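Novice: Structure in structure tokens, see below.
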Amino acid sequence: MRKSIFFFILSLVYCYSCSNSKEETVGTVFRYNEAANITSLDPAFARDQAIIWATNQLFNGLVQMDDQLAICPCIAHSWEISRDGRLYTFHLRTDVLFHTSPAFINSKSRKVIASDFVFSFNRIVDPAIASPGAWIFNNVKQIEGKYNFSATNDSTLSIELKEPFPPFLSLLSMQYCSVVPKEAVLYFGTRFRNNPVGTGPFMLKIWKEGVKLVMLKNPDYFEFENGTRLPHLDAVAITFLADKQAAFLEFIKGNLDFMSGIDPTYKDELLTSSGNLQSKYASKISLITQPYLNTEYLGFMVGRGDLKTMNFGIIDKRVRHAINYAFDRSKMIRYLRNNIGTPGFQGIIPKGLPSFDTTRIFFNYNPEKSRKLLAVAGYPDGHGLPAITLTSTADYLDICKYIQHQVSQLGINLIIEVSPPAAVKEMKAQAKLPFFRASWIADYPDAENYLSLFYSKNFCPRGPNYTHFSNAKFDKLYEQAMLTINDSTRFSLYREMEKVMMDEAPVIILYYDQVLRFIQQNIHGIGNNPMNLLILKRVRKS
């Protein structure tokens, strides 16, 4: 009996050491934690960062973005756009293979052809699928109810738009637009979410939901770097620790290779007040930073929304200007965010986009100007101004309290109401919040993504204009920009639109966010980009 137990224990130790050595001695398993969990690996539902990061390793589209946000070839090696900006013609590579799958004959694979994109795009707009990415193709021309995606032959795809839309190529770089094979979608049905079949640099091996996800190197991947087939890594392993402090400790112990962003629970432990790594970690890990296409702001309901919730004091733009001038953004970033981010002196367009204008400042800290504006508006030292309620989530309570304190010096009574994120999102979409905290993370790298928040035809709930801002000049410039193919001319129109909007001050820009990436020092080539997209195909682990 004792002998059998001894051999049983010995076998367990042997198996454990073998499995550990396989992952550790290979040295090419890239490990990160996803606290937000992953709910699907179907790119049709890639609406949050957790899913986008995972599907970006498994799938490809026609085009892709580099770290400078330039649109580059991917499965499409080249394309043409008609002079009127409506017809896009893509020429596809002929060496791209889907991952091996039981969905294919003999459980093998096959080449990607143009009709696969026609199927994939029609699937996105199919109401039965209910993909949150269907809006991408709102401007595609329809003929007898069918979207005009067409495959001329196996390597030529065309898409015709109703109206020109210069950011359309950027839209096609989103994960929603990944190519999927019809055979696999039909074979797996609803199980395609956890049986993804794509063309990406990695293939799904194991996904135990909420515990671990493992992707293995795709040996047939079509992209090369300096003559070497990508990816360089052998595998990617994702864990799902919900406790961010526990994940931080795993990273510090070296059990994770990468960590994105920073949580208040360990912010001061890891970073100095100026935003640099604490000296005790500087020799162990590396910090990569870059502007992030995320504008944090406060929004005013400037339209005549729900009259029961209206505050007619903030309908006066002089009051909105006074609040804009009333608090010190630089001090807010320094003390509340350890200098992570850039104070929001400019407009809604964030740092990191080419149309971001560094030369002009709309609102800086000027309490004397605030007092004069309040007096001219009929509220000297805030007298007679109704209390203003600011609705936020608990995550931003420190910033809201900071602003509350600073505006109180001018006699403005700011009340903070903290609500759950889902409730804030719903009330904002229904135009029921007179004053609210919000942020806008770019879906695609074009300033139109931000300026569309103020186009009058985008009033919520049918669009993202949560402030119900309406201005005829702004709308005219917006429509003119959408007909302008030349980038530099369009960017000039964007800046003019931004000036019109900021003069009316439907928002208070708080700050432009920053990407923070912490990596172990044996990780190379991870790159960084203002979209905070995780690209692992070029990563090496020494």
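Identifiers in this document derive from the order of the structure tokens: chains are assigned A, B, ..., residues are numbered from 1 separately in each chain, and ligands are numbered from 1 in order of occurrence.
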Do a neighbour search on A:Ile136 at 12 Å with only C-alpha atoms, toss out local chain neighbours closer than 4 positions, and write the hits as a VMD selection string.

Specialist: chain A and resid 44 121 to 122 124 to 125 131 to 132 140 161 165 167 to 177 443 to 444 449

Novice: DSSP on the backbone: what in stretch 314-500 of chain A comes out strand (DSSP E), as a short mmCIF file (atom, residue, chain, number, x, y, z; two decimals) with N, CA and C atoms, in the first residue's frame?

Specialist:
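Dumped everything to states_10.cif:
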data_model
loop_
_atom_site.label_atom_id
_atom_site.label_comp_id
_atom_site.auth_asym_id
_atom_site.auth_seq_id
_atom_site.Cartn_x
_atom_site.Cartn_y
_atom_site.Cartn_z
N THR A 342 -2.87 64.71 -19.12
CA THR A 342 -2.58 66.09 -19.48
C THR A 342 -3.78 66.96 -19.13
N PRO A 343 -3.58 68.07 -18.41
CA PRO A 343 -4.71 68.95 -18.07
C PRO A 343 -5.50 69.37 -19.31
N ILE A 388 -26.29 73.43 -8.06
CA ILE A 388 -26.04 72.62 -9.26
C ILE A 388 -25.65 71.21 -8.81
N THR A 389 -26.35 70.21 -9.34
CA THR A 389 -26.07 68.82 -8.97
C THR A 389 -25.21 68.16 -10.06
N LEU A 390 -24.07 67.64 -9.64
CA LEU A 390 -23.17 66.92 -10.53
C LEU A 390 -23.31 65.43 -10.24
N THR A 391 -23.67 64.64 -11.25
CA THR A 391 -23.84 63.20 -11.09
C THR A 391 -22.59 62.48 -11.60
N SER A 392 -22.08 61.58 -10.76
CA SER A 392 -20.86 60.86 -11.10
C SER A 392 -20.92 59.45 -10.53
N LEU A 414 -22.22 73.42 -5.37
CA LEU A 414 -22.19 72.22 -6.20
C LEU A 414 -22.48 71.01 -5.32
N ILE A 415 -23.52 70.29 -5.67
CA ILE A 415 -23.91 69.07 -4.95
C ILE A 415 -23.48 67.87 -5.77
N ILE A 416 -22.82 66.91 -5.12
CA ILE A 416 -22.36 65.71 -5.83
C ILE A 416 -23.29 64.56 -5.53
N GLU A 417 -23.77 63.93 -6.57
CA GLU A 417 -24.64 62.77 -6.42
C GLU A 417 -23.94 61.57 -7.04
N VAL A 418 -23.66 60.57 -6.21
CA VAL A 418 -22.95 59.38 -6.68
C VAL A 418 -23.96 58.29 -7.01
N PHE A 435 -26.10 67.82 -15.25
CA PHE A 435 -24.66 68.00 -15.16
C PHE A 435 -24.06 66.65 -14.77
N PHE A 436 -23.14 66.13 -15.56
CA PHE A 436 -22.68 64.76 -15.35
C PHE A 436 -21.21 64.60 -15.72
N ARG A 437 -20.55 63.64 -15.07
CA ARG A 437 -19.19 63.28 -15.44
C ARG A 437 -19.23 62.21 -16.52
N ALA A 438 -18.36 62.33 -17.51
CA ALA A 438 -18.34 61.36 -18.60
C ALA A 438 -16.93 61.26 -19.17
N SER A 439 -16.73 60.31 -20.02
CA SER A 439 -15.46 60.18 -20.75
C SER A 439 -15.79 59.63 -22.13
N TRP A 440 -14.90 59.91 -23.06
CA TRP A 440 -15.09 59.36 -24.41
C TRP A 440 -13.77 58.76 -24.87
N ILE A 441 -13.78 57.43 -25.00
CA ILE A 441 -12.62 56.70 -25.51
C ILE A 441 -12.87 56.45 -27.00
#

Novice: Find the residues around A:Glu448 up to 9 Å (only C-alpha atoms counted), leave out those fewer than 4 positions away in its own chain, and share them as a list in words.

Specialist: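 Residues near the query, excluding close chain neighbours: Pro167, Ile349, Ser452, Leu453, Tyr478, Ala481, Met482 and Tyr494 of chain A.
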
Novice: Let's have the selection written as a JSON list (two decimals), in the first residue's frame, with C-alpha atoms.

Specialist:
[["chain", "number", "residue", "atom", "x", "y", "z"],
["A", 167, "PRO", "CA", -12.77, 57.93, -41.38],
["A", 349, "ILE", "CA", -10.13, 66.36, -29.31],
["A", 452, "SER", "CA", -19.94, 63.72, -33.41],
["A", 453, "LEU", "CA", -20.85, 64.15, -29.71],
["A", 478, "TYR", "CA", -19.41, 68.95, -39.61],
["A", 481, "ALA", "CA", -15.84, 67.95, -43.16],
["A", 482, "MET", "CA", -17.55, 64.67, -44.00],
["A", 494, "TYR", "CA", -12.30, 69.99, -37.23]]

Novice: Give the answer as one residue: which of A:Ile206, A:Gln346, A:Gln68, A:Phe188 has the shortest atom-to-atom distance to A:Thr358, using only C-alpha atoms?

Specialist: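 Going through A:Ile206, A:Gln346, A:Gln68, A:Phe188 one by one, the smallest distance to A:Thr358 is for A:Gln346.
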
Novice: Can you work out which one of A:Trp53, A:Phe117, A:Tyr147, A:Phe248 has the shortest atom-to-atom distance to A:Ile75, counting only C-alpha atoms?

Specialist: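 Of A:Trp53, A:Phe117, A:Tyr147, A:Phe248, the one nearest A:Ile75, counting only C-alpha atoms, is A:Phe117.
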
Novice: Please identify all polymer residues within 10 Å of stretch 420-431 of chain A, counting only C-alpha atoms, omitting same-chain residues fewer than 5 positions from it, and present them as a PDB file with N, CA and C atoms, in the first residue's frame.

Specialist:
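The resulting file, around03.pdb, is reproduced below:
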ATOM      1  N   GLY A 299     -20.229  67.146 -18.501  1.00  0.00           N
ATOM      2  CA  GLY A 299     -21.158  67.602 -19.537  1.00  0.00           C
ATOM      3  C   GLY A 299     -22.368  68.315 -18.949  1.00  0.00           C
ATOM      4  N   MET A 301     -26.301  69.620 -19.667  1.00  0.00           N
ATOM      5  CA  MET A 301     -27.460  69.493 -20.544  1.00  0.00           C
ATOM      6  C   MET A 301     -27.847  70.912 -20.977  1.00  0.00           C
ATOM      7  N   GLY A 303     -29.463  71.646 -23.876  1.00  0.00           N
ATOM      8  CA  GLY A 303     -30.740  71.672 -24.581  1.00  0.00           C
ATOM      9  C   GLY A 303     -31.883  71.623 -23.585  1.00  0.00           C
ATOM     10  N   ARG A 304     -33.071  71.778 -24.074  1.00  0.00           N
ATOM     11  CA  ARG A 304     -34.239  71.716 -23.196  1.00  0.00           C
ATOM     12  C   ARG A 304     -34.646  70.261 -23.042  1.00  0.00           C
ATOM     13  N   GLY A 305     -33.949  69.570 -22.132  1.00  0.00           N
ATOM     14  CA  GLY A 305     -34.237  68.162 -21.892  1.00  0.00           C
ATOM     15  C   GLY A 305     -35.454  67.996 -21.017  1.00  0.00           C
ATOM     16  N   ASP A 306     -35.399  67.066 -20.110  1.00  0.00           N
ATOM     17  CA  ASP A 306     -36.487  66.830 -19.169  1.00  0.00           C
ATOM     18  C   ASP A 306     -36.603  68.048 -18.244  1.00  0.00           C
ATOM     19  N   THR A 309     -35.816  68.050 -14.509  1.00  0.00           N
ATOM     20  CA  THR A 309     -34.436  67.953 -14.027  1.00  0.00           C
ATOM     21  C   THR A 309     -33.577  69.127 -14.483  1.00  0.00           C
ATOM     22  N   THR A 391     -23.674  64.644 -11.253  1.00  0.00           N
ATOM     23  CA  THR A 391     -23.840  63.197 -11.094  1.00  0.00           C
ATOM     24  C   THR A 391     -22.590  62.480 -11.599  1.00  0.00           C
ATOM     25  N   SER A 392     -22.080  61.582 -10.757  1.00  0.00           N
ATOM     26  CA  SER A 392     -20.858  60.858 -11.104  1.00  0.00           C
ATOM     27  C   SER A 392     -20.918  59.452 -10.526  1.00  0.00           C
ATOM     28  N   THR A 393     -19.936  58.649 -10.906  1.00  0.00           N
ATOM     29  CA  THR A 393     -19.750  57.341 -10.278  1.00  0.00           C
ATOM     30  C   THR A 393     -18.727  57.488  -9.160  1.00  0.00           C
ATOM     31  N   ALA A 394     -18.629  56.478  -8.300  1.00  0.00           N
ATOM     32  CA  ALA A 394     -17.730  56.547  -7.148  1.00  0.00           C
ATOM     33  C   ALA A 394     -16.263  56.653  -7.561  1.00  0.00           C
ATOM     34  N   ASP A 395     -15.903  56.124  -8.739  1.00  0.00           N
ATOM     35  CA  ASP A 395     -14.508  56.126  -9.182  1.00  0.00           C
ATOM     36  C   ASP A 395     -13.937  57.531  -9.309  1.00  0.00           C
ATOM     37  N   PHE A 436     -23.140  66.127 -15.562  1.00  0.00           N
ATOM     38  CA  PHE A 436     -22.679  64.756 -15.355  1.00  0.00           C
ATOM     39  C   PHE A 436     -21.207  64.603 -15.721  1.00  0.00           C
ATOM     40  N   ARG A 437     -20.551  63.636 -15.070  1.00  0.00           N
ATOM     41  CA  ARG A 437     -19.187  63.280 -15.442  1.00  0.00           C
ATOM     42  C   ARG A 437     -19.234  62.206 -16.516  1.00  0.00           C
ATOM     43  N   ALA A 438     -18.364  62.326 -17.511  1.00  0.00           N
ATOM     44  CA  ALA A 438     -18.342  61.360 -18.604  1.00  0.00           C
ATOM     45  C   ALA A 438     -16.929  61.263 -19.165  1.00  0.00           C
ATOM     46  N   PHE A 459     -28.582  63.587 -31.283  1.00  0.00           N
ATOM     47  CA  PHE A 459     -29.163  63.694 -29.941  1.00  0.00           C
ATOM     48  C   PHE A 459     -29.401  62.300 -29.362  1.00  0.00           C
ATOM     49  N   CYS A 460     -29.029  62.145 -28.069  1.00  0.00           N
ATOM     50  CA  CYS A 460     -29.367  60.894 -27.408  1.00  0.00           C
ATOM     51  C   CYS A 460     -30.887  60.845 -27.220  1.00  0.00           C
ATOM     52  N   PRO A 461     -31.512  59.685 -27.193  1.00  0.00           N
ATOM     53  CA  PRO A 461     -30.891  58.355 -27.111  1.00  0.00           C
ATOM     54  C   PRO A 461     -30.489  57.740 -28.443  1.00  0.00           C
ATOM     55  N   ARG A 462     -30.794  58.398 -29.577  1.00  0.00           N
ATOM     56  CA  ARG A 462     -30.459  57.750 -30.851  1.00  0.00           C
ATOM     57  C   ARG A 462     -28.995  57.952 -31.251  1.00  0.00           C
ATOM     58  N   GLY A 463     -28.302  58.822 -30.530  1.00  0.00           N
ATOM     59  CA  GLY A 463     -26.900  59.085 -30.832  1.00  0.00           C
ATOM     60  C   GLY A 463     -26.155  59.492 -29.579  1.00  0.00           C
ATOM     61  N   PRO A 464     -24.859  59.857 -29.704  1.00  0.00           N
ATOM     62  CA  PRO A 464     -24.031  60.140 -28.532  1.00  0.00           C
ATOM     63  C   PRO A 464     -24.008  61.605 -28.086  1.00  0.00           C
ATOM     64  N   ASN A 465     -24.931  62.445 -28.608  1.00  0.00           N
ATOM     65  CA  ASN A 465     -24.958  63.850 -28.195  1.00  0.00           C
ATOM     66  C   ASN A 465     -25.729  63.949 -26.875  1.00  0.00           C
ATOM     67  N   TYR A 466     -25.013  63.678 -25.762  1.00  0.00           N
ATOM     68  CA  TYR A 466     -25.647  63.626 -24.441  1.00  0.00           C
ATOM     69  C   TYR A 466     -25.953  65.008 -23.876  1.00  0.00           C
ATOM     70  N   THR A 467     -25.316  66.048 -24.405  1.00  0.00           N
ATOM     71  CA  THR A 467     -25.565  67.409 -23.920  1.00  0.00           C
ATOM     72  C   THR A 467     -26.690  68.094 -24.683  1.00  0.00           C
ATOM     73  N   HIS A 468     -27.158  67.474 -25.774  1.00  0.00           N
ATOM     74  CA  HIS A 468     -28.155  68.062 -26.674  1.00  0.00           C
ATOM     75  C   HIS A 468     -27.695  69.428 -27.182  1.00  0.00           C
TER      76      HIS A 468
END

Novice: Pull the alpha helix (DSSP H) assignments for stretch 97-263 of chain A out of DSSP run on the backbone, and list those residues as an MDAnalysis selection string.

Specialist: chainID A and resid 114:125 168:172 182:188 244:252

Novice: Deliver the residues from the most recent selection as a file, using N, CA and C atoms, as an mmCIF file, in the first residue's frame.

Specialist:
data_model
loop_
_atom_site.group_PDB
_atom_site.id
_atom_site.type_symbol
_atom_site.label_atom_id
_atom_site.label_comp_id
_atom_site.auth_asym_id
_atom_site.auth_seq_id
_atom_site.Cartn_x
_atom_site.Cartn_y
_atom_site.Cartn_z
ATOM 1 N N ALA A 114 -12.616 36.749 -50.751
ATOM 2 C CA ALA A 114 -13.388 37.985 -50.594
ATOM 3 C C ALA A 114 -14.802 37.734 -50.084
ATOM 4 N N SER A 115 -15.413 36.633 -50.498
ATOM 5 C CA SER A 115 -16.778 36.347 -50.048
ATOM 6 C C SER A 115 -16.848 36.087 -48.539
ATOM 7 N N ASP A 116 -15.713 35.739 -47.915
ATOM 8 C CA ASP A 116 -15.694 35.592 -46.454
ATOM 9 C C ASP A 116 -15.938 36.936 -45.773
ATOM 10 N N PHE A 117 -15.411 38.002 -46.355
ATOM 11 C CA PHE A 117 -15.664 39.332 -45.798
ATOM 12 C C PHE A 117 -17.114 39.749 -46.034
ATOM 13 N N VAL A 118 -17.659 39.407 -47.183
ATOM 14 C CA VAL A 118 -19.072 39.705 -47.442
ATOM 15 C C VAL A 118 -19.947 39.027 -46.390
ATOM 16 N N PHE A 119 -19.657 37.755 -46.119
ATOM 17 C CA PHE A 119 -20.403 37.031 -45.086
ATOM 18 C C PHE A 119 -20.210 37.680 -43.709
ATOM 19 N N SER A 120 -18.957 37.989 -43.366
ATOM 20 C CA SER A 120 -18.652 38.537 -42.038
ATOM 21 C C SER A 120 -19.329 39.881 -41.820
ATOM 22 N N PHE A 121 -19.311 40.754 -42.827
ATOM 23 C CA PHE A 121 -19.913 42.083 -42.684
ATOM 24 C C PHE A 121 -21.440 41.993 -42.637
ATOM 25 N N ASN A 122 -22.008 41.128 -43.464
ATOM 26 C CA ASN A 122 -23.465 40.941 -43.415
ATOM 27 C C ASN A 122 -23.908 40.359 -42.075
ATOM 28 N N ARG A 123 -23.052 39.549 -41.493
ATOM 29 C CA ARG A 123 -23.354 38.994 -40.168
ATOM 30 C C ARG A 123 -23.402 40.107 -39.115
ATOM 31 N N ILE A 124 -22.495 41.078 -39.222
ATOM 32 C CA ILE A 124 -22.456 42.177 -38.256
ATOM 33 C C ILE A 124 -23.742 43.004 -38.312
ATOM 34 N N VAL A 125 -24.267 43.236 -39.499
ATOM 35 C CA VAL A 125 -25.462 44.089 -39.632
ATOM 36 C C VAL A 125 -26.760 43.298 -39.502
ATOM 37 N N PHE A 168 -13.733 56.122 -42.765
ATOM 38 C CA PHE A 168 -14.246 54.763 -42.966
ATOM 39 C C PHE A 168 -13.146 53.701 -42.856
ATOM 40 N N LEU A 169 -11.960 53.987 -43.390
ATOM 41 C CA LEU A 169 -10.869 53.010 -43.281
ATOM 42 C C LEU A 169 -10.515 52.747 -41.824
ATOM 43 N N SER A 170 -10.553 53.816 -41.008
ATOM 44 C CA SER A 170 -10.282 53.645 -39.584
ATOM 45 C C SER A 170 -11.317 52.733 -38.945
ATOM 46 N N LEU A 171 -12.570 52.882 -39.346
ATOM 47 C CA LEU A 171 -13.626 52.017 -38.818
ATOM 48 C C LEU A 171 -13.340 50.556 -39.133
ATOM 49 N N LEU A 172 -12.831 50.301 -40.331
ATOM 50 C CA LEU A 172 -12.576 48.921 -40.756
ATOM 51 C C LEU A 172 -11.427 48.272 -39.983
ATOM 52 N N LYS A 182 -17.728 31.149 -42.674
ATOM 53 C CA LYS A 182 -19.136 30.754 -42.584
ATOM 54 C C LYS A 182 -19.272 29.344 -42.020
ATOM 55 N N GLU A 183 -18.375 28.445 -42.448
ATOM 56 C CA GLU A 183 -18.466 27.053 -41.991
ATOM 57 C C GLU A 183 -18.416 26.962 -40.468
ATOM 58 N N ALA A 184 -17.494 27.732 -39.849
ATOM 59 C CA ALA A 184 -17.331 27.656 -38.393
ATOM 60 C C ALA A 184 -18.521 28.281 -37.670
ATOM 61 N N VAL A 185 -19.039 29.384 -38.209
ATOM 62 C CA VAL A 185 -20.198 30.029 -37.590
ATOM 63 C C VAL A 185 -21.404 29.097 -37.613
ATOM 64 N N LEU A 186 -21.589 28.393 -38.727
ATOM 65 C CA LEU A 186 -22.713 27.455 -38.830
ATOM 66 C C LEU A 186 -22.459 26.200 -37.992
ATOM 67 N N TYR A 187 -21.228 25.720 -37.995
ATOM 68 C CA TYR A 187 -20.888 24.488 -37.275
ATOM 69 C C TYR A 187 -21.053 24.655 -35.770
ATOM 70 N N PHE A 188 -20.565 25.776 -35.234
ATOM 71 C CA PHE A 188 -20.593 25.979 -33.784
ATOM 72 C C PHE A 188 -21.851 26.698 -33.305
ATOM 73 N N LYS A 244 -7.614 43.633 -8.194
ATOM 74 C CA LYS A 244 -6.502 44.279 -8.888
ATOM 75 C C LYS A 244 -5.241 44.328 -8.038
ATOM 76 N N GLN A 245 -5.395 44.408 -6.729
ATOM 77 C CA GLN A 245 -4.223 44.416 -5.862
ATOM 78 C C GLN A 245 -3.545 43.048 -5.866
ATOM 79 N N ALA A 246 -4.343 41.985 -5.917
ATOM 80 C CA ALA A 246 -3.773 40.633 -6.002
ATOM 81 C C ALA A 246 -3.022 40.466 -7.323
ATOM 82 N N ALA A 247 -3.598 40.997 -8.410
ATOM 83 C CA ALA A 247 -2.930 40.922 -9.711
ATOM 84 C C ALA A 247 -1.626 41.724 -9.697
ATOM 85 N N PHE A 248 -1.647 42.876 -9.035
ATOM 86 C CA PHE A 248 -0.429 43.693 -8.902
ATOM 87 C C PHE A 248 0.671 42.911 -8.185
ATOM 88 N N LEU A 249 0.316 42.210 -7.122
ATOM 89 C CA LEU A 249 1.301 41.414 -6.384
ATOM 90 C C LEU A 249 1.862 40.289 -7.246
ATOM 91 N N GLU A 250 0.999 39.682 -8.073
ATOM 92 C CA GLU A 250 1.473 38.635 -8.990
ATOM 93 C C GLU A 250 2.456 39.216 -10.005
ATOM 94 N N PHE A 251 2.173 40.433 -10.451
ATOM 95 C CA PHE A 251 3.087 41.093 -11.395
ATOM 96 C C PHE A 251 4.430 41.388 -10.734
ATOM 97 N N ILE A 252 4.387 41.916 -9.525
ATOM 98 C CA ILE A 252 5.624 42.253 -8.809
ATOM 99 C C ILE A 252 6.449 40.991 -8.538
#
